[in-house]
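Since the structure comes first, as structure tokens, the remarks are kept for the end.
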Amino acid sequence: MILSNKVALITGAARGIGKEIALTLAKEGADIAICDVNEEALAQAKSEIESGGRQCLTASVDVSDTKAAEEMANKTLDKFGKIDILVNNAGITRDGLLMRMKEEDWDAVLSVNLKGAFNFTKAVSRGMIKQRSGNIVNIASIIGIMGNAGQANYSASKAGMIGLTKSAAKELAQRGIRVNAIAPGFIKTPMTEKLTDEQTEMMLKLIPLAKLGEPADVAKLVLFLVSDASSYITGEVIKIDGGMVM
Ligand code: NAP
């Protein structure tokens, strides 16, 4: 197991990609702290992680709440003594054309996706700096690279995460902390279940590998980025999209 004695904190991990990341890191020996706003699904994720033999701390946290993010980091430190890995995964969409986009939909997406990643990065970095090691992975999106009509808020938030990744990577490298981003294309989760059959068909035509990705595809890439196999990679943005954006 390549993550024995490691502790990983994953946000938005009650379902979808975040849950798969948590299960994958736990299978490799990491103890896990997860937070989400979906308490019922959080309890289910905890029991799946613990049935694999790892410890799991859960907390109902809205990642855009700075104080709650600090409390979650402190709770994790109290329980496990350290945080080796942070995965900023929590994310939402509130789609709409720019001219009709409501201010509250802009604010909600920027607050959860971008401010949430800032909150948790700040909350865990003090401990990582002290221990002179750490690994942070931000789950961005190809939409943050290519843009998308109807997703100005989401695209801006994910482009912001990419900027956050590169700045944090430069600030923290000297302290032994690596920071990278993953930009998934279309992955089968409750988030993409919202798409109509017609929209999915259209997307498939743009994907050379002609299928949607699985949460496990993203989780395996996270595992690579938080392992020593990627020890010379930092500040990178890795696309995982079946070849959609080249
Ligand atoms: P998902 O199925 O909607 O899961 C996201 C989880 O985050 C849900 O459990 C959700 O709770 C939780 N969450 C929402 N707002 C939160 C908040 N304020 N604080 C804490 N947790 C919160 O989404 P997913 O598809 O797994 O996506 C995970 C990440 O990958 C997101 O950042 C997304 O933008 C990114 N991504 C996904 C795709 C894709 O195709 N699926 C592609 C590119 C990037 P609720 O269930 O209560 O909403």
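Note on naming: chains are A, B, ... as they come in the structure tokens, residues start from 1 per chain, ligands start from 1 in the order shown.
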
Q: Residues within 7 Å of ligand 1, counting only C-alpha atoms and all ligand atoms: report them as a PyMOL selection string.
A: chain A and resi 11-18+35-38+61-64+89-92+112-113+139-142+183-192

Q) Which neighbours of stretch 230-239 of chain A fall inside 12 Å, counting only C-alpha atoms, when residues of the same chain fewer than 3 positions from it are skipped, and could you give them as an NGL selection string? A) :A and (133-146 or 158-159 or 161-174 or 176-186 or 213 or 217-218 or 221-227 or 242-246)

Q.
So that I can check the secondary structure, give me every residue of stretch 4-244 of chain A assigned helix (DSSP H, G or I) by backbone DSSP, as a count of residues only.
A. 128

**Q.** Who sits within 10 Å of A:Asp105, only C-alpha atoms, same chain under 5 positions skipped, as a PyMOL selection string
**A.** chain A and resi 93-96+110-111+153-154

With all heavy atoms kept, could you save the residues just selected as a PDB file, in the first residue's frame?
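Heads up, here's the output in out.pdb:
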ATOM      1  N   THR A  93     -22.560  23.548  -9.952  1.00  0.00           N
ATOM      2  CA  THR A  93     -22.862  24.325 -11.162  1.00  0.00           C
ATOM      3  C   THR A  93     -24.177  25.082 -10.940  1.00  0.00           C
ATOM      4  O   THR A  93     -25.059  24.594 -10.221  1.00  0.00           O
ATOM      5  CB  THR A  93     -23.036  23.410 -12.399  1.00  0.00           C
ATOM      6  OG1 THR A  93     -24.000  22.393 -12.075  1.00  0.00           O
ATOM      7  CG2 THR A  93     -21.743  22.749 -12.824  1.00  0.00           C
ATOM      8  N   ARG A  94     -24.278  26.249 -11.508  1.00  0.00           N
ATOM      9  CA  ARG A  94     -25.543  27.009 -11.573  1.00  0.00           C
ATOM     10  C   ARG A  94     -25.542  27.645 -12.959  1.00  0.00           C
ATOM     11  O   ARG A  94     -25.203  28.810 -13.115  1.00  0.00           O
ATOM     12  CB  ARG A  94     -25.606  28.130 -10.510  1.00  0.00           C
ATOM     13  CG  ARG A  94     -25.604  27.681  -9.083  1.00  0.00           C
ATOM     14  CD  ARG A  94     -27.001  27.204  -8.616  1.00  0.00           C
ATOM     15  NE  ARG A  94     -26.985  26.891  -7.187  1.00  0.00           N
ATOM     16  CZ  ARG A  94     -26.563  25.755  -6.656  1.00  0.00           C
ATOM     17  NH1 ARG A  94     -26.106  24.793  -7.439  1.00  0.00           N
ATOM     18  NH2 ARG A  94     -26.597  25.559  -5.349  1.00  0.00           N
ATOM     19  N   ASP A  95     -25.869  26.836 -13.975  1.00  0.00           N
ATOM     20  CA  ASP A  95     -25.677  27.265 -15.363  1.00  0.00           C
ATOM     21  C   ASP A  95     -26.717  28.287 -15.826  1.00  0.00           C
ATOM     22  O   ASP A  95     -27.861  28.287 -15.362  1.00  0.00           O
ATOM     23  CB  ASP A  95     -25.739  26.048 -16.300  1.00  0.00           C
ATOM     24  CG  ASP A  95     -24.607  25.053 -16.034  1.00  0.00           C
ATOM     25  OD1 ASP A  95     -23.696  25.380 -15.255  1.00  0.00           O
ATOM     26  OD2 ASP A  95     -24.647  23.956 -16.624  1.00  0.00           O
ATOM     27  N   GLY A  96     -26.309  29.092 -16.789  1.00  0.00           N
ATOM     28  CA  GLY A  96     -27.222  30.063 -17.392  1.00  0.00           C
ATOM     29  C   GLY A  96     -26.433  30.982 -18.310  1.00  0.00           C
ATOM     30  O   GLY A  96     -25.239  31.192 -18.085  1.00  0.00           O
ATOM     31  N   LEU A 110     -18.741  30.781  -7.428  1.00  0.00           N
ATOM     32  CA  LEU A 110     -17.397  31.260  -7.072  1.00  0.00           C
ATOM     33  C   LEU A 110     -17.079  30.952  -5.611  1.00  0.00           C
ATOM     34  O   LEU A 110     -15.942  30.589  -5.279  1.00  0.00           O
ATOM     35  CB  LEU A 110     -17.277  32.764  -7.353  1.00  0.00           C
ATOM     36  CG  LEU A 110     -16.763  33.199  -8.735  1.00  0.00           C
ATOM     37  CD1 LEU A 110     -15.277  32.869  -8.889  1.00  0.00           C
ATOM     38  CD2 LEU A 110     -17.531  32.607  -9.896  1.00  0.00           C
ATOM     39  N   SER A 111     -18.084  31.061  -4.744  1.00  0.00           N
ATOM     40  CA  SER A 111     -17.852  30.841  -3.302  1.00  0.00           C
ATOM     41  C   SER A 111     -17.518  29.381  -3.012  1.00  0.00           C
ATOM     42  O   SER A 111     -16.600  29.092  -2.261  1.00  0.00           O
ATOM     43  CB  SER A 111     -19.093  31.194  -2.489  1.00  0.00           C
ATOM     44  OG  SER A 111     -19.313  32.556  -2.545  1.00  0.00           O
ATOM     45  N   ASN A 153     -19.877  31.411 -14.866  1.00  0.00           N
ATOM     46  CA  ASN A 153     -19.508  31.346 -13.442  1.00  0.00           C
ATOM     47  C   ASN A 153     -18.626  30.123 -13.164  1.00  0.00           C
ATOM     48  O   ASN A 153     -17.578  30.223 -12.526  1.00  0.00           O
ATOM     49  CB  ASN A 153     -20.771  31.361 -12.550  1.00  0.00           C
ATOM     50  CG  ASN A 153     -21.841  30.364 -12.982  1.00  0.00           C
ATOM     51  OD1 ASN A 153     -21.676  29.612 -13.954  1.00  0.00           O
ATOM     52  ND2 ASN A 153     -22.951  30.345 -12.263  1.00  0.00           N
ATOM     53  N   TYR A 154     -19.049  28.973 -13.671  1.00  0.00           N
ATOM     54  CA  TYR A 154     -18.303  27.721 -13.431  1.00  0.00           C
ATOM     55  C   TYR A 154     -16.907  27.799 -14.064  1.00  0.00           C
ATOM     56  O   TYR A 154     -15.898  27.463 -13.439  1.00  0.00           O
ATOM     57  CB  TYR A 154     -19.111  26.562 -14.029  1.00  0.00           C
ATOM     58  CG  TYR A 154     -18.543  25.186 -13.768  1.00  0.00           C
ATOM     59  CD1 TYR A 154     -18.659  24.588 -12.512  1.00  0.00           C
ATOM     60  CD2 TYR A 154     -17.916  24.472 -14.783  1.00  0.00           C
ATOM     61  CE1 TYR A 154     -18.152  23.314 -12.279  1.00  0.00           C
ATOM     62  CE2 TYR A 154     -17.417  23.194 -14.559  1.00  0.00           C
ATOM     63  CZ  TYR A 154     -17.532  22.618 -13.298  1.00  0.00           C
ATOM     64  OH  TYR A 154     -17.029  21.360 -13.081  1.00  0.00           O
TER      65      TYR A 154
END

Q) Skipping near chain neighbours, those fewer than 2 positions away, what residues fall within 10 Å of stretch 20-26 of chain A using only C-alpha atoms, listed as JSON, numbers by chain? A) {"A": [1, 2, 3, 4, 6, 7, 8, 9, 10, 11, 13, 14, 15, 16, 17, 18, 28, 29, 30, 31, 32, 33, 34, 45, 46, 48, 49, 50, 52, 53, 54, 55, 56, 85, 87, 89, 214, 215, 216, 217, 218, 219, 220, 221, 222, 223, 226]}

Q: Report the distance between atom CA of A:Gly150 and atom CA of A:Arg100 in Å, rounded to one decimal place.
A: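 The value is 9.5 Å.
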
Q) Can you list every residue in stretch 146-223 of chain A that DSSP puts in strand (DSSP E), as a VMD selection string? A) chain A and resid 177 to 184

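Residue nearest A:Thr121, chosen from A:Val109, A:Met101, A:Ala149, A:Ala73 and counting only C-alpha atoms: A:Ala73.
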
Q. Can you list, as JSON, numbers by chain, every protein, DNA or RNA residue that comes within 8 Å of stretch 123-127 of chain A when you count only C-alpha atoms, leaving out same-chain residues fewer than 5 positions away?
A. {"A": [69, 70, 73, 82, 83, 86]}

Could you write out the selected residues, including C-alpha atoms, as an mmCIF file, in the first residue's frame?
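Output file result.cif is given in full below:
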data_model
loop_
_atom_site.group_PDB
_atom_site.id
_atom_site.type_symbol
_atom_site.label_atom_id
_atom_site.label_comp_id
_atom_site.auth_asym_id
_atom_site.auth_seq_id
_atom_site.Cartn_x
_atom_site.Cartn_y
_atom_site.Cartn_z
ATOM 1 C CA ALA A 69 -13.010 24.984 6.970
ATOM 2 C CA GLU A 70 -10.566 25.928 9.740
ATOM 3 C CA ALA A 73 -8.754 21.089 9.485
ATOM 4 C CA LYS A 82 -1.363 15.586 10.749
ATOM 5 C CA ILE A 83 -2.725 16.144 7.243
ATOM 6 C CA LEU A 86 -5.744 17.729 0.649
#

**Q.** Two-atom distance - atom CA of A:Thr58, atom CA of A:Gln131 (Å)
**A.** 23.5 Å

Q. So which one's closest to A:Lys79, A:Ala117, A:Leu57, A:Leu206, A:Lys130? Using only C-alpha atoms, please.
A. A:Leu57

Q: Go through A:Trp106, A:Arg132, A:Asp78, A:Leu98 one by one, measure the shortest atom-to-atom distance of each to A:Arg175 using only C-alpha atoms, and give the residue with the smallest value.
A: A:Arg132

**Q.** Computed interatomic separation between atom CA of A:Gly81 and atom CA of A:Ala59 (Å)
**A.** 16.9 Å
